[in-house]
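data.txt follows (compact mmCIF, N, CA and C atoms):
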# COMPACT_ATOMS: atom_id res chain seq x y z
N MET A 1 146.31 -24.37 152.43
CA MET A 1 147.19 -24.94 151.43
C MET A 1 146.97 -24.23 150.10
N LEU A 2 147.91 -24.38 149.22
CA LEU A 2 147.80 -23.84 147.87
C LEU A 2 147.75 -24.99 146.88
N LEU A 3 146.78 -24.91 145.98
CA LEU A 3 146.67 -25.89 144.91
C LEU A 3 147.22 -25.24 143.65
N VAL A 4 148.23 -25.85 143.07
CA VAL A 4 148.85 -25.34 141.84
C VAL A 4 148.55 -26.34 140.74
N VAL A 5 147.87 -25.87 139.68
CA VAL A 5 147.50 -26.73 138.55
C VAL A 5 148.18 -26.19 137.30
N THR A 6 148.77 -27.08 136.52
CA THR A 6 149.46 -26.67 135.29
C THR A 6 148.71 -27.17 134.06
N TYR A 7 148.79 -26.39 132.97
CA TYR A 7 148.04 -26.70 131.76
C TYR A 7 148.90 -26.82 130.51
N SER A 8 150.20 -26.90 130.65
CA SER A 8 151.07 -27.10 129.49
C SER A 8 152.22 -28.02 129.90
N ALA A 9 152.85 -28.61 128.91
CA ALA A 9 153.96 -29.53 129.19
C ALA A 9 155.10 -28.79 129.88
N ALA A 10 155.41 -27.58 129.44
CA ALA A 10 156.50 -26.82 130.04
C ALA A 10 156.19 -26.47 131.49
N ALA A 11 154.95 -26.09 131.77
CA ALA A 11 154.56 -25.76 133.15
C ALA A 11 154.58 -27.01 134.02
N ARG A 12 154.16 -28.16 133.48
CA ARG A 12 154.21 -29.42 134.24
C ARG A 12 155.65 -29.79 134.60
N THR A 13 156.55 -29.61 133.64
CA THR A 13 157.96 -29.88 133.90
C THR A 13 158.49 -28.96 134.99
N ALA A 14 158.14 -27.69 134.91
CA ALA A 14 158.59 -26.73 135.92
C ALA A 14 158.02 -27.08 137.29
N LEU A 15 156.76 -27.50 137.35
CA LEU A 15 156.16 -27.89 138.62
C LEU A 15 156.85 -29.14 139.18
N ARG A 16 157.13 -30.10 138.33
CA ARG A 16 157.83 -31.31 138.76
C ARG A 16 159.19 -30.94 139.35
N ASN A 17 159.92 -30.03 138.67
CA ASN A 17 161.23 -29.61 139.16
C ASN A 17 161.10 -28.85 140.48
N LEU A 18 160.09 -27.99 140.59
CA LEU A 18 159.84 -27.26 141.83
C LEU A 18 159.61 -28.23 142.98
N CYS A 19 158.80 -29.24 142.73
CA CYS A 19 158.48 -30.23 143.77
C CYS A 19 159.72 -31.01 144.19
N ARG A 20 160.59 -31.32 143.25
CA ARG A 20 161.82 -32.06 143.57
C ARG A 20 162.80 -31.20 144.36
N ARG A 21 162.91 -29.93 143.97
CA ARG A 21 163.88 -29.03 144.63
C ARG A 21 163.41 -28.54 145.98
N HIS A 22 162.12 -28.46 146.18
CA HIS A 22 161.57 -27.85 147.40
C HIS A 22 160.59 -28.82 148.06
N GLU A 23 161.04 -30.02 148.36
CA GLU A 23 160.19 -31.06 148.93
C GLU A 23 159.52 -30.62 150.23
N GLY A 24 160.16 -29.73 150.96
CA GLY A 24 159.64 -29.28 152.25
C GLY A 24 158.31 -28.54 152.17
N VAL A 25 157.99 -27.94 151.02
CA VAL A 25 156.73 -27.19 150.89
C VAL A 25 155.64 -28.03 150.22
N VAL A 26 156.00 -29.19 149.68
CA VAL A 26 155.03 -30.01 148.95
C VAL A 26 154.26 -30.90 149.92
N VAL A 27 152.94 -30.73 149.93
CA VAL A 27 152.09 -31.59 150.75
C VAL A 27 151.77 -32.86 149.98
N ARG A 28 151.41 -32.71 148.69
CA ARG A 28 151.09 -33.85 147.83
C ARG A 28 151.21 -33.44 146.37
N ARG A 29 151.66 -34.36 145.54
CA ARG A 29 151.80 -34.08 144.12
C ARG A 29 150.89 -35.00 143.33
N PHE A 30 150.24 -34.46 142.29
CA PHE A 30 149.27 -35.22 141.49
C PHE A 30 149.62 -35.21 140.01
N GLY A 31 150.86 -35.15 139.62
CA GLY A 31 151.21 -35.08 138.20
C GLY A 31 151.16 -33.66 137.70
N ARG A 32 150.03 -33.23 137.16
CA ARG A 32 149.91 -31.87 136.64
C ARG A 32 149.49 -30.87 137.70
N ALA A 33 149.34 -31.32 138.95
CA ALA A 33 148.93 -30.45 140.05
C ALA A 33 149.70 -30.82 141.31
N ALA A 34 149.75 -29.87 142.25
CA ALA A 34 150.40 -30.13 143.53
C ALA A 34 149.74 -29.29 144.61
N LEU A 35 149.72 -29.84 145.81
CA LEU A 35 149.30 -29.09 146.99
C LEU A 35 150.55 -28.65 147.72
N LEU A 36 150.65 -27.35 147.95
CA LEU A 36 151.78 -26.80 148.68
C LEU A 36 151.30 -26.32 150.04
N ASP A 37 152.21 -26.29 151.01
CA ASP A 37 151.79 -25.85 152.34
C ASP A 37 151.45 -24.36 152.33
N ALA A 38 150.81 -23.91 153.38
CA ALA A 38 150.31 -22.53 153.45
C ALA A 38 151.37 -21.62 154.06
N THR A 39 152.49 -21.46 153.35
CA THR A 39 153.54 -20.56 153.80
C THR A 39 153.79 -19.50 152.74
N VAL A 40 154.41 -18.43 153.17
CA VAL A 40 154.76 -17.37 152.24
C VAL A 40 155.75 -17.89 151.21
N TYR A 41 156.66 -18.76 151.63
CA TYR A 41 157.64 -19.31 150.69
C TYR A 41 156.96 -20.15 149.61
N ALA A 42 155.98 -20.97 149.99
CA ALA A 42 155.25 -21.77 149.01
C ALA A 42 154.50 -20.85 148.04
N ALA A 43 153.91 -19.78 148.55
CA ALA A 43 153.22 -18.81 147.68
C ALA A 43 154.21 -18.17 146.72
N PHE A 44 155.40 -17.83 147.21
CA PHE A 44 156.44 -17.26 146.36
C PHE A 44 156.79 -18.22 145.23
N LEU A 45 156.98 -19.51 145.56
CA LEU A 45 157.32 -20.50 144.54
C LEU A 45 156.20 -20.64 143.51
N ALA A 46 154.95 -20.66 143.98
CA ALA A 46 153.81 -20.78 143.07
C ALA A 46 153.71 -19.56 142.16
N LEU A 47 153.90 -18.38 142.74
CA LEU A 47 153.84 -17.16 141.93
C LEU A 47 154.99 -17.09 140.94
N ARG A 48 156.14 -17.57 141.33
CA ARG A 48 157.29 -17.61 140.41
C ARG A 48 156.98 -18.51 139.23
N LEU A 49 156.32 -19.64 139.52
CA LEU A 49 155.93 -20.56 138.46
C LEU A 49 154.94 -19.89 137.50
N ARG A 50 153.94 -19.18 138.08
CA ARG A 50 152.97 -18.50 137.23
C ARG A 50 153.60 -17.36 136.44
N ALA A 51 154.57 -16.66 137.04
CA ALA A 51 155.25 -15.58 136.33
C ALA A 51 156.01 -16.12 135.12
N SER A 52 156.51 -17.34 135.24
CA SER A 52 157.25 -17.95 134.14
C SER A 52 156.35 -18.53 133.06
N HIS A 53 155.14 -19.00 133.45
CA HIS A 53 154.29 -19.73 132.51
C HIS A 53 152.91 -19.11 132.32
N GLY A 54 152.66 -17.96 132.91
CA GLY A 54 151.42 -17.22 132.69
C GLY A 54 150.17 -18.04 132.96
N GLY A 55 149.25 -17.99 132.02
CA GLY A 55 147.95 -18.64 132.15
C GLY A 55 148.00 -20.15 132.18
N ASP A 56 149.16 -20.73 131.96
CA ASP A 56 149.29 -22.19 132.04
C ASP A 56 149.42 -22.69 133.47
N VAL A 57 149.40 -21.75 134.43
CA VAL A 57 149.48 -22.10 135.85
C VAL A 57 148.33 -21.44 136.59
N GLN A 58 147.57 -22.23 137.28
CA GLN A 58 146.46 -21.73 138.10
C GLN A 58 146.80 -22.00 139.56
N ILE A 59 146.56 -21.00 140.42
CA ILE A 59 146.84 -21.14 141.84
C ILE A 59 145.55 -20.86 142.61
N GLU A 60 145.18 -21.78 143.48
CA GLU A 60 143.98 -21.63 144.30
C GLU A 60 144.35 -21.87 145.76
N ARG A 61 143.75 -21.12 146.64
CA ARG A 61 143.93 -21.37 148.07
C ARG A 61 142.86 -22.36 148.51
N THR A 62 143.24 -23.40 149.21
CA THR A 62 142.30 -24.43 149.62
C THR A 62 142.35 -24.60 151.13
N GLU A 63 141.35 -25.29 151.63
CA GLU A 63 141.36 -25.69 153.04
C GLU A 63 140.88 -27.13 153.11
N PRO A 64 141.37 -27.87 154.08
CA PRO A 64 140.95 -29.28 154.20
C PRO A 64 139.43 -29.38 154.40
N PHE A 65 138.85 -30.43 153.87
CA PHE A 65 137.42 -30.67 153.96
C PHE A 65 137.14 -31.46 155.22
N ASN A 66 136.37 -30.88 156.14
CA ASN A 66 135.98 -31.56 157.36
C ASN A 66 134.52 -31.97 157.22
N GLU A 67 134.30 -33.23 156.89
CA GLU A 67 132.94 -33.71 156.63
C GLU A 67 132.04 -33.62 157.85
N PHE A 68 132.61 -33.66 159.04
CA PHE A 68 131.79 -33.64 160.25
C PHE A 68 131.31 -32.23 160.58
N ALA A 69 132.06 -31.22 160.17
CA ALA A 69 131.65 -29.84 160.40
C ALA A 69 130.81 -29.30 159.25
N THR A 70 130.98 -29.86 158.06
CA THR A 70 130.34 -29.33 156.85
C THR A 70 129.03 -30.02 156.50
N LEU A 71 128.94 -31.32 156.70
CA LEU A 71 127.78 -32.09 156.26
C LEU A 71 126.94 -32.61 157.43
N ASP A 72 125.67 -32.77 157.17
CA ASP A 72 124.77 -33.37 158.15
C ASP A 72 124.97 -34.89 158.17
N ASP A 73 124.55 -35.52 159.27
CA ASP A 73 124.68 -36.97 159.42
C ASP A 73 124.04 -37.76 158.28
N PRO A 74 122.84 -37.39 157.81
CA PRO A 74 122.21 -38.21 156.75
C PRO A 74 123.05 -38.33 155.48
N VAL A 75 123.79 -37.30 155.13
CA VAL A 75 124.61 -37.36 153.91
C VAL A 75 125.79 -38.30 154.12
N ARG A 76 126.45 -38.20 155.26
CA ARG A 76 127.57 -39.10 155.55
C ARG A 76 127.09 -40.55 155.64
N GLU A 77 125.95 -40.77 156.29
CA GLU A 77 125.40 -42.11 156.43
C GLU A 77 124.99 -42.69 155.07
N ALA A 78 124.43 -41.84 154.20
CA ALA A 78 124.04 -42.30 152.86
C ALA A 78 125.27 -42.69 152.04
N ALA A 79 126.34 -41.91 152.15
CA ALA A 79 127.57 -42.23 151.42
C ALA A 79 128.14 -43.56 151.87
N SER A 80 128.13 -43.78 153.17
CA SER A 80 128.65 -45.05 153.71
C SER A 80 127.76 -46.22 153.30
N ALA A 81 126.45 -46.05 153.41
CA ALA A 81 125.52 -47.12 153.04
C ALA A 81 125.64 -47.45 151.55
N TYR A 82 125.77 -46.41 150.71
CA TYR A 82 125.86 -46.63 149.27
C TYR A 82 127.18 -47.34 148.91
N ALA A 83 128.25 -47.00 149.60
CA ALA A 83 129.54 -47.66 149.34
C ALA A 83 129.48 -49.13 149.72
N ASN A 84 128.65 -49.46 150.70
CA ASN A 84 128.56 -50.85 151.18
C ASN A 84 127.33 -51.59 150.66
N ARG A 85 126.70 -51.11 149.60
CA ARG A 85 125.48 -51.73 149.06
C ARG A 85 125.79 -53.11 148.50
N ASP A 86 124.75 -53.93 148.43
CA ASP A 86 124.91 -55.31 147.94
C ASP A 86 125.12 -55.35 146.43
N ALA A 87 124.29 -54.64 145.69
CA ALA A 87 124.38 -54.64 144.22
C ALA A 87 125.18 -53.42 143.79
N LYS A 88 126.43 -53.63 143.44
CA LYS A 88 127.33 -52.52 143.09
C LYS A 88 126.91 -51.76 141.83
N SER A 89 126.06 -52.35 141.02
CA SER A 89 125.65 -51.68 139.79
C SER A 89 124.44 -50.77 139.99
N THR A 90 123.86 -50.75 141.17
CA THR A 90 122.68 -49.92 141.44
C THR A 90 123.08 -48.45 141.52
N PRO A 91 122.49 -47.58 140.69
CA PRO A 91 122.79 -46.15 140.78
C PRO A 91 122.23 -45.57 142.09
N TYR A 92 122.84 -44.46 142.54
CA TYR A 92 122.44 -43.91 143.83
C TYR A 92 120.96 -43.52 143.86
N ALA A 93 120.43 -42.94 142.79
CA ALA A 93 119.03 -42.51 142.78
C ALA A 93 118.10 -43.69 143.07
N ALA A 94 118.37 -44.84 142.46
CA ALA A 94 117.55 -46.03 142.70
C ALA A 94 117.78 -46.57 144.11
N PHE A 95 119.01 -46.50 144.58
CA PHE A 95 119.35 -46.97 145.92
C PHE A 95 118.63 -46.13 146.98
N ALA A 96 118.56 -44.82 146.78
CA ALA A 96 117.98 -43.92 147.77
C ALA A 96 116.45 -43.87 147.72
N ALA A 97 115.86 -44.28 146.60
CA ALA A 97 114.40 -44.21 146.43
C ALA A 97 113.70 -45.02 147.52
N GLY A 98 112.74 -44.39 148.17
CA GLY A 98 111.96 -45.07 149.19
C GLY A 98 112.67 -45.26 150.52
N THR A 99 113.80 -44.59 150.71
CA THR A 99 114.54 -44.69 151.97
C THR A 99 114.63 -43.30 152.60
N ASP A 100 115.28 -43.24 153.74
CA ASP A 100 115.52 -41.95 154.40
C ASP A 100 116.78 -41.26 153.86
N HIS A 101 117.48 -41.89 152.92
CA HIS A 101 118.69 -41.29 152.36
C HIS A 101 118.33 -40.06 151.54
N PRO A 102 119.20 -39.04 151.52
CA PRO A 102 118.91 -37.82 150.77
C PRO A 102 118.76 -38.08 149.27
N ASP A 103 117.84 -37.36 148.67
CA ASP A 103 117.59 -37.44 147.23
C ASP A 103 118.74 -36.76 146.48
N PRO A 104 119.25 -37.37 145.40
CA PRO A 104 120.38 -36.76 144.68
C PRO A 104 120.05 -35.38 144.09
N GLU A 105 118.83 -35.18 143.63
CA GLU A 105 118.47 -33.88 143.06
C GLU A 105 118.48 -32.79 144.12
N THR A 106 118.03 -33.13 145.32
CA THR A 106 118.04 -32.17 146.43
C THR A 106 119.48 -31.83 146.79
N MET A 107 120.36 -32.83 146.85
CA MET A 107 121.76 -32.58 147.20
C MET A 107 122.46 -31.73 146.15
N ARG A 108 122.11 -31.91 144.87
CA ARG A 108 122.74 -31.13 143.81
C ARG A 108 122.49 -29.64 143.96
N GLY A 109 121.32 -29.28 144.48
CA GLY A 109 120.95 -27.88 144.59
C GLY A 109 121.42 -27.19 145.86
N GLU A 110 122.02 -27.94 146.79
CA GLU A 110 122.44 -27.36 148.06
C GLU A 110 123.92 -27.02 148.04
N GLU A 111 124.25 -25.81 148.53
CA GLU A 111 125.65 -25.39 148.67
C GLU A 111 126.22 -26.01 149.93
N LEU A 112 127.52 -26.26 149.95
CA LEU A 112 128.17 -26.76 151.16
C LEU A 112 128.23 -25.66 152.20
Structure re-expressed in structure tokens:
Amino acid sequence: MLLVVTYSAAARTALRNLCRRHEGVVVRRFGRAALLDATVYAAFLALRLRASHGGDVQIERTEPFNEFATLDDPVREAASAYANRDAKSTPYAAFAAGTDHPDPETMRGEEL
């Protein structure tokens, strides 16, 4: 997929119009950003937008995040356990202390 992010009002307007005119290539719209499908036509539209608005348009190629292929079980289990914790105000570092859950500092230093 292509992620198109706009940084000016004119570029946002142009992106909104692009999304309305070419609904078939739009995967999801986020206001100042949109995900377009991975087709040559979508790339053409994104490049046309950048040609019109220069640096106010950023285009990135993305791929869906597959948590089961990318992350180990302990990280997924920790995320689920933390989301279901009893005291919602407990920060993750305190929640993970003294458990088998991954340490936040260790996770910060690891690349996906």
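Going from CA of Glu60 (chain A) over to CA of Val4 (chain A), you cover 6.6 Å.
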Subject >> Spatial neighbours of region 27-42 of chain A, max dist 12 Å, only C-alpha atoms, sep filter under 5 positions, as an MDAnalysis selection string >> reply: chainID A and resid 1:20 22 47:49 56:64
For the selection just defined, write its residues with N, CA and C atoms to a file, as a JSON list (two decimals), keeping the file's coordinate frame.
[["chain", "number", "residue", "atom", "x", "y", "z"],
["A", 1, "MET", "N", 146.31, -24.37, 152.43],
["A", 1, "MET", "CA", 147.19, -24.94, 151.43],
["A", 1, "MET", "C", 146.97, -24.23, 150.10],
["A", 2, "LEU", "N", 147.91, -24.38, 149.22],
["A", 2, "LEU", "CA", 147.80, -23.84, 147.87],
["A", 2, "LEU", "C", 147.75, -24.99, 146.88],
["A", 3, "LEU", "N", 146.78, -24.91, 145.98],
["A", 3, "LEU", "CA", 146.67, -25.89, 144.91],
["A", 3, "LEU", "C", 147.22, -25.24, 143.65],
["A", 4, "VAL", "N", 148.23, -25.85, 143.07],
["A", 4, "VAL", "CA", 148.85, -25.34, 141.84],
["A", 4, "VAL", "C", 148.55, -26.34, 140.74],
["A", 5, "VAL", "N", 147.87, -25.87, 139.68],
["A", 5, "VAL", "CA", 147.50, -26.73, 138.55],
["A", 5, "VAL", "C", 148.18, -26.19, 137.30],
["A", 6, "THR", "N", 148.77, -27.08, 136.52],
["A", 6, "THR", "CA", 149.46, -26.67, 135.29],
["A", 6, "THR", "C", 148.71, -27.17, 134.06],
["A", 7, "TYR", "N", 148.79, -26.39, 132.97],
["A", 7, "TYR", "CA", 148.04, -26.70, 131.76],
["A", 7, "TYR", "C", 148.90, -26.82, 130.51],
["A", 8, "SER", "N", 150.20, -26.90, 130.65],
["A", 8, "SER", "CA", 151.07, -27.10, 129.49],
["A", 8, "SER", "C", 152.22, -28.02, 129.90],
["A", 9, "ALA", "N", 152.85, -28.61, 128.91],
["A", 9, "ALA", "CA", 153.96, -29.53, 129.19],
["A", 9, "ALA", "C", 155.10, -28.79, 129.88],
["A", 10, "ALA", "N", 155.41, -27.58, 129.44],
["A", 10, "ALA", "CA", 156.50, -26.82, 130.04],
["A", 10, "ALA", "C", 156.19, -26.47, 131.49],
["A", 11, "ALA", "N", 154.95, -26.09, 131.77],
["A", 11, "ALA", "CA", 154.56, -25.76, 133.15],
["A", 11, "ALA", "C", 154.58, -27.01, 134.02],
["A", 12, "ARG", "N", 154.16, -28.16, 133.48],
["A", 12, "ARG", "CA", 154.21, -29.42, 134.24],
["A", 12, "ARG", "C", 155.65, -29.79, 134.60],
["A", 13, "THR", "N", 156.55, -29.61, 133.64],
["A", 13, "THR", "CA", 157.96, -29.88, 133.90],
["A", 13, "THR", "C", 158.49, -28.96, 134.99],
["A", 14, "ALA", "N", 158.14, -27.69, 134.91],
["A", 14, "ALA", "CA", 158.59, -26.73, 135.92],
["A", 14, "ALA", "C", 158.02, -27.08, 137.29],
["A", 15, "LEU", "N", 156.76, -27.50, 137.35],
["A", 15, "LEU", "CA", 156.16, -27.89, 138.62],
["A", 15, "LEU", "C", 156.85, -29.14, 139.18],
["A", 16, "ARG", "N", 157.13, -30.10, 138.33],
["A", 16, "ARG", "CA", 157.83, -31.31, 138.76],
["A", 16, "ARG", "C", 159.19, -30.94, 139.35],
["A", 17, "ASN", "N", 159.92, -30.03, 138.67],
["A", 17, "ASN", "CA", 161.23, -29.61, 139.16],
["A", 17, "ASN", "C", 161.10, -28.85, 140.48],
["A", 18, "LEU", "N", 160.09, -27.99, 140.59],
["A", 18, "LEU", "CA", 159.84, -27.26, 141.83],
["A", 18, "LEU", "C", 159.61, -28.23, 142.98],
["A", 19, "CYS", "N", 158.80, -29.24, 142.73],
["A", 19, "CYS", "CA", 158.48, -30.23, 143.77],
["A", 19, "CYS", "C", 159.72, -31.01, 144.19],
["A", 20, "ARG", "N", 160.59, -31.32, 143.25],
["A", 20, "ARG", "CA", 161.82, -32.06, 143.57],
["A", 20, "ARG", "C", 162.80, -31.20, 144.36],
["A", 22, "HIS", "N", 162.12, -28.46, 146.18],
["A", 22, "HIS", "CA", 161.57, -27.85, 147.40],
["A", 22, "HIS", "C", 160.59, -28.82, 148.06],
["A", 47, "LEU", "N", 153.90, -18.38, 142.74],
["A", 47, "LEU", "CA", 153.84, -17.16, 141.93],
["A", 47, "LEU", "C", 154.99, -17.09, 140.94],
["A", 48, "ARG", "N", 156.14, -17.57, 141.33],
["A", 48, "ARG", "CA", 157.29, -17.61, 140.41],
["A", 48, "ARG", "C", 156.98, -18.51, 139.23],
["A", 49, "LEU", "N", 156.32, -19.64, 139.52],
["A", 49, "LEU", "CA", 155.93, -20.56, 138.46],
["A", 49, "LEU", "C", 154.94, -19.89, 137.50],
["A", 56, "ASP", "N", 149.16, -20.73, 131.96],
["A", 56, "ASP", "CA", 149.29, -22.19, 132.04],
["A", 56, "ASP", "C", 149.42, -22.69, 133.47],
["A", 57, "VAL", "N", 149.40, -21.75, 134.43],
["A", 57, "VAL", "CA", 149.48, -22.10, 135.85],
["A", 57, "VAL", "C", 148.33, -21.44, 136.59],
["A", 58, "GLN", "N", 147.57, -22.23, 137.28],
["A", 58, "GLN", "CA", 146.46, -21.73, 138.10],
["A", 58, "GLN", "C", 146.80, -22.00, 139.56],
["A", 59, "ILE", "N", 146.56, -21.00, 140.42],
["A", 59, "ILE", "CA", 146.84, -21.14, 141.84],
["A", 59, "ILE", "C", 145.55, -20.86, 142.61],
["A", 60, "GLU", "N", 145.18, -21.78, 143.48],
["A", 60, "GLU", "CA", 143.98, -21.63, 144.30],
["A", 60, "GLU", "C", 144.35, -21.87, 145.76],
["A", 61, "ARG", "N", 143.75, -21.12, 146.64],
["A", 61, "ARG", "CA", 143.93, -21.37, 148.07],
["A", 61, "ARG", "C", 142.86, -22.36, 148.51],
["A", 62, "THR", "N", 143.24, -23.40, 149.21],
["A", 62, "THR", "CA", 142.30, -24.43, 149.62],
["A", 62, "THR", "C", 142.35, -24.60, 151.13],
["A", 63, "GLU", "N", 141.35, -25.29, 151.63],
["A", 63, "GLU", "CA", 141.36, -25.69, 153.04],
["A", 63, "GLU", "C", 140.88, -27.13, 153.11],
["A", 64, "PRO", "N", 141.37, -27.87, 154.08],
["A", 64, "PRO", "CA", 140.95, -29.28, 154.20],
["A", 64, "PRO", "C", 139.43, -29.38, 154.40]]
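Taking only chain A, the residues that DSSP calls strand (DSSP E or B) from the backbone come to A:Leu2, A:Leu3, A:Val4, A:Val5, A:Thr6, A:Val26, A:Val27, A:Arg28, A:Arg29, A:Ala33, A:Ala34, A:Leu35, A:Leu36, A:Val57, A:Gln58, A:Ile59, A:Glu60, A:Arg61.
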Sorted by chain and rising residue number, which residues of region 13-89 of chain A lie within 6.5 Å of region 95-102 of chain A, and what are their closest atom pairs and distances in Å to one decimal, counting only N, CA and C atoms, as CSV?
residue,atom,partner,partner_atom,distance
A:Pro74,C,A:Pro102,N,5.6
A:Val75,N,A:Pro102,N,6.1
A:Ala78,CA,A:His101,CA,5.5
**OP:** Please return as a ChimeraX atom specification: the residues of chain A that backbone DSSP assigns to helix (DSSP H, G or I).
**Re:** /A:9-21,23-25,40-56,67-70,73-83,92-96,104-108
Starting from 4 Å padding per side, set up an axis-aligned box that covers all listed atoms of region 66-75 of chain A and hand over centre and edge lengths in Å, one decimal, as AutoDock Vina command-line options.
--center_x 129.3 --center_y -33.8 --center_z 157.2 --size_x 22.2 --size_y 17.0 --size_z 14.7
Original post:
Do you have the CA of Ala43 (chain A)-CA of Phe65 (chain A) distance handy?
Top reply: 20.7 Å
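Between atom N of Thr90 (chain A) and atom N of Gly109 (chain A) lies a distance of 21.9 Å.
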Once N, CA, C and O atoms are restored for region 64-77 of chain A, what would the output be as a tab-separated table (two decimals), in the frame of the given file?
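File rebuild-v2.tsv, as written:
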chain	number	residue	atom	x	y	z
A	64	PRO	N	141.37	-27.87	154.08
A	64	PRO	CA	140.95	-29.28	154.20
A	64	PRO	C	139.43	-29.38	154.40
A	64	PRO	O	138.82	-28.53	155.04
A	65	PHE	N	138.85	-30.43	153.87
A	65	PHE	CA	137.42	-30.67	153.96
A	65	PHE	C	137.14	-31.46	155.22
A	65	PHE	O	137.61	-32.58	155.39
A	66	ASN	N	136.37	-30.88	156.14
A	66	ASN	CA	135.98	-31.56	157.36
A	66	ASN	C	134.52	-31.97	157.22
A	66	ASN	O	133.62	-31.17	157.40
A	67	GLU	N	134.30	-33.23	156.89
A	67	GLU	CA	132.94	-33.71	156.63
A	67	GLU	C	132.04	-33.62	157.85
A	67	GLU	O	130.83	-33.47	157.73
A	68	PHE	N	132.61	-33.66	159.04
A	68	PHE	CA	131.79	-33.64	160.25
A	68	PHE	C	131.31	-32.23	160.58
A	68	PHE	O	130.26	-32.05	161.19
A	69	ALA	N	132.06	-31.22	160.17
A	69	ALA	CA	131.65	-29.84	160.40
A	69	ALA	C	130.81	-29.30	159.25
A	69	ALA	O	130.00	-28.40	159.43
A	70	THR	N	130.98	-29.86	158.06
A	70	THR	CA	130.34	-29.33	156.85
A	70	THR	C	129.03	-30.02	156.50
A	70	THR	O	128.11	-29.37	156.02
A	71	LEU	N	128.94	-31.32	156.70
A	71	LEU	CA	127.78	-32.09	156.26
A	71	LEU	C	126.94	-32.61	157.43
A	71	LEU	O	127.47	-32.89	158.50
A	72	ASP	N	125.67	-32.77	157.17
A	72	ASP	CA	124.77	-33.37	158.15
A	72	ASP	C	124.97	-34.89	158.17
A	72	ASP	O	125.42	-35.49	157.19
A	73	ASP	N	124.55	-35.52	159.27
A	73	ASP	CA	124.68	-36.97	159.42
A	73	ASP	C	124.04	-37.76	158.28
A	73	ASP	O	124.64	-38.73	157.81
A	74	PRO	N	122.84	-37.39	157.81
A	74	PRO	CA	122.21	-38.21	156.75
A	74	PRO	C	123.05	-38.33	155.48
A	74	PRO	O	123.05	-39.38	154.83
A	75	VAL	N	123.79	-37.30	155.13
A	75	VAL	CA	124.61	-37.36	153.91
A	75	VAL	C	125.79	-38.30	154.12
A	75	VAL	O	126.08	-39.15	153.27
A	76	ARG	N	126.45	-38.20	155.26
A	76	ARG	CA	127.57	-39.10	155.55
A	76	ARG	C	127.09	-40.55	155.64
A	76	ARG	O	127.73	-41.47	155.13
A	77	GLU	N	125.95	-40.77	156.29
A	77	GLU	CA	125.40	-42.11	156.43
A	77	GLU	C	124.99	-42.69	155.07
A	77	GLU	O	125.20	-43.87	154.80
